[in-house]
Amino acid sequence: MKERLNPNLRRKAENILKHSETLQQRAMREDIMLDPSRYRDVAKELKQHEPLVKTYQKYQKLEAAASETEKLLNTETDPEIVQMAEMELVSVEEQLETLGKDLEILMLPRDPMDDKNIIVELRAGAGGEEAALFVSDLYRMYIRFAEREGWKHELLSATETGIGGYRDLSFSIEGELVFSRMKFESGVHRVQRVPATEASGRIHTSTITVAVLPEIEEVDFEINPNDVRIDTFCSSGPGGQSVNTTYSAVRLTHIPTGMVVSCQDGKSQIKNKEKAFKVLRARLAEAERNKQAQAYAAQRQSQVGSGDRSEKIRTYNFPQGRVSEHRIGLTIHNLPDVLDGNIGMIVDSLLAADQQARLEESLKETS
């Protein structure tokens, strides 16, 4: 049989297929089915392998069809049948080539954080009130996108300005493969538009920084309680207006690092404390990963940056009604649609570009 697939790739695919079959048998065992935690772990691993298994099984069927067609061509003498078989073989070979590339991408090492829920932090950078208003715009864009994806979202904390914007804002998103699809949103987002208060009609450029942090469970990252100072205070709204008279707002200070997290969105001090620890845990875990992986740290720093107007990963240009994703040279001429949460094309394009870059790097390492 003609070898169409890289032998190493085929061997890995065969091993994953066998492992998946073993997992399916394990999932049917009574002791596993009666243990929700163990069953959930098996089901989760099966789901992770599912795209590759389905693609490889489809490849195997097409490969068998190609082999049968080749046998027919070696024995058939009828010109009409030979012509039809040749056309069929060309079509199958094209499909096999596409599936082979898909298998190469599916075989790339997974980011262990891809399945995590996330905490998104938005901070106004250059541009004053315009930047604060832009934080509000992107917050709406992300929660609309989350709703389109069927994900849940929850506001964790926000510092409002007097005109409907936010100096900073954080929220969580829960759902399937959230981090894998949202992680490339980290960086400096730039907006170009005429502010409502600009009498001369001059276009202003403002920026905000976006940080997407994988949510870390307490069992995965423990915080020493002695390292955290907990302060409570009365929640307040825009302009210092009192929201309630109880000390429901919580401020956490991580003494070793000086990291501060505040949460006052909820009326319950207990709930605010839980949310604040969730954010603190995500930030500390991210800092630890950065320390252990200098390359990743350098990449994240270059993405998030300082919020200076000259830095950017994406520009939202209101006068021209376009969005430019600078990392991959993608331009979309439908700004209102994007701000309404329709960012799937951008997310998918960034994911595809990342997969292609990692594939090329992998091929270099094996060549």
# chains A, B, ... in the order shown; residues from 1 in each chain; ligands from 1
call {"tool": "residues_around", "arguments": {"residues": "His326 of chain A", "least_positions_apart": "3", "cutoff": "10 Å", "atoms": "only C-alpha atoms", "output": "list in words"}}
result
Lys312, Ile313, Arg314, Thr315, Val323, Gly329, Leu330 and Thr331 of chain A
call {"tool": "closest_residue", "arguments": {"among": "A:Gly187, A:Gly164, A:Gly175, A:Pro109", "to": "Ala146 of chain A", "atoms": "only C-alpha atoms"}}
result
A:Gly175
call {"tool": "residues_around", "arguments": {"residues": "Ala131 of chain A", "least_positions_apart": "5", "cutoff": "9 Å", "atoms": "only C-alpha atoms", "output": "list in words"}}
result
Arg123, Ala124, Gly125, Ala126, Ser136, Gly165, Tyr166, Arg167, Arg190, Val191, Thr205, Ser206, Thr207 and Ile208 of chain A
call {"tool": "residues_around", "arguments": {"residues": "Gly344 of chain A", "least_positions_apart": "4", "cutoff": "10 Å", "atoms": "only C-alpha atoms", "output": "ChimeraX atom specification"}}
result
/A:145,148-149,181,338,348-350
call {"tool": "residues_around", "arguments": {"residues": "Lys47 of chain A", "least_positions_apart": "2", "cutoff": "12 Å", "atoms": "only C-alpha atoms", "output": "mmCIF file with C-alpha atoms, in the first residue's frame"}}
result
data_model
loop_
_atom_site.group_PDB
_atom_site.id
_atom_site.type_symbol
_atom_site.label_atom_id
_atom_site.label_comp_id
_atom_site.auth_asym_id
_atom_site.auth_seq_id
_atom_site.Cartn_x
_atom_site.Cartn_y
_atom_site.Cartn_z
ATOM 1 C CA SER A 20 -9.283 6.010 23.184
ATOM 2 C CA LEU A 23 -10.902 4.694 27.711
ATOM 3 C CA GLN A 24 -14.303 3.852 26.186
ATOM 4 C CA ARG A 40 -15.682 12.870 34.650
ATOM 5 C CA ASP A 41 -11.899 12.472 34.206
ATOM 6 C CA VAL A 42 -12.325 9.598 31.716
ATOM 7 C CA ALA A 43 -15.040 11.466 29.795
ATOM 8 C CA LYS A 44 -12.885 14.596 29.669
ATOM 9 C CA GLU A 45 -9.898 12.707 28.232
ATOM 10 C CA HIS A 49 -9.000 12.829 21.856
ATOM 11 C CA GLU A 50 -12.290 12.877 19.924
ATOM 12 C CA PRO A 51 -11.292 15.332 17.112
ATOM 13 C CA LEU A 52 -8.104 13.407 16.324
ATOM 14 C CA VAL A 53 -9.775 9.984 16.560
ATOM 15 C CA LYS A 54 -12.618 10.988 14.222
ATOM 16 C CA ASP A 115 -9.668 23.675 29.041
ATOM 17 C CA GLU A 176 -15.886 24.639 27.009
ATOM 18 C CA LEU A 177 -12.341 25.423 25.794
#
call {"tool": "closest_residue", "arguments": {"among": "A:Glu94, A:Asp337, A:Glu130, A:Glu121", "to": "Val210 of chain A", "atoms": "only C-alpha atoms"}}
result
A:Glu121
call {"tool": "closest_residue", "arguments": {"among": "A:Ser91, A:Asn74, A:Asn6, A:Ser172", "to": "Leu62 of chain A", "atoms": "only C-alpha atoms"}}
result
A:Ser91
call {"tool": "atom_distance", "arguments": {"atom1": "atom CA of Phe134 of chain A", "atom2": "atom CA of Glu185 of chain A"}}
result
15.0 Å
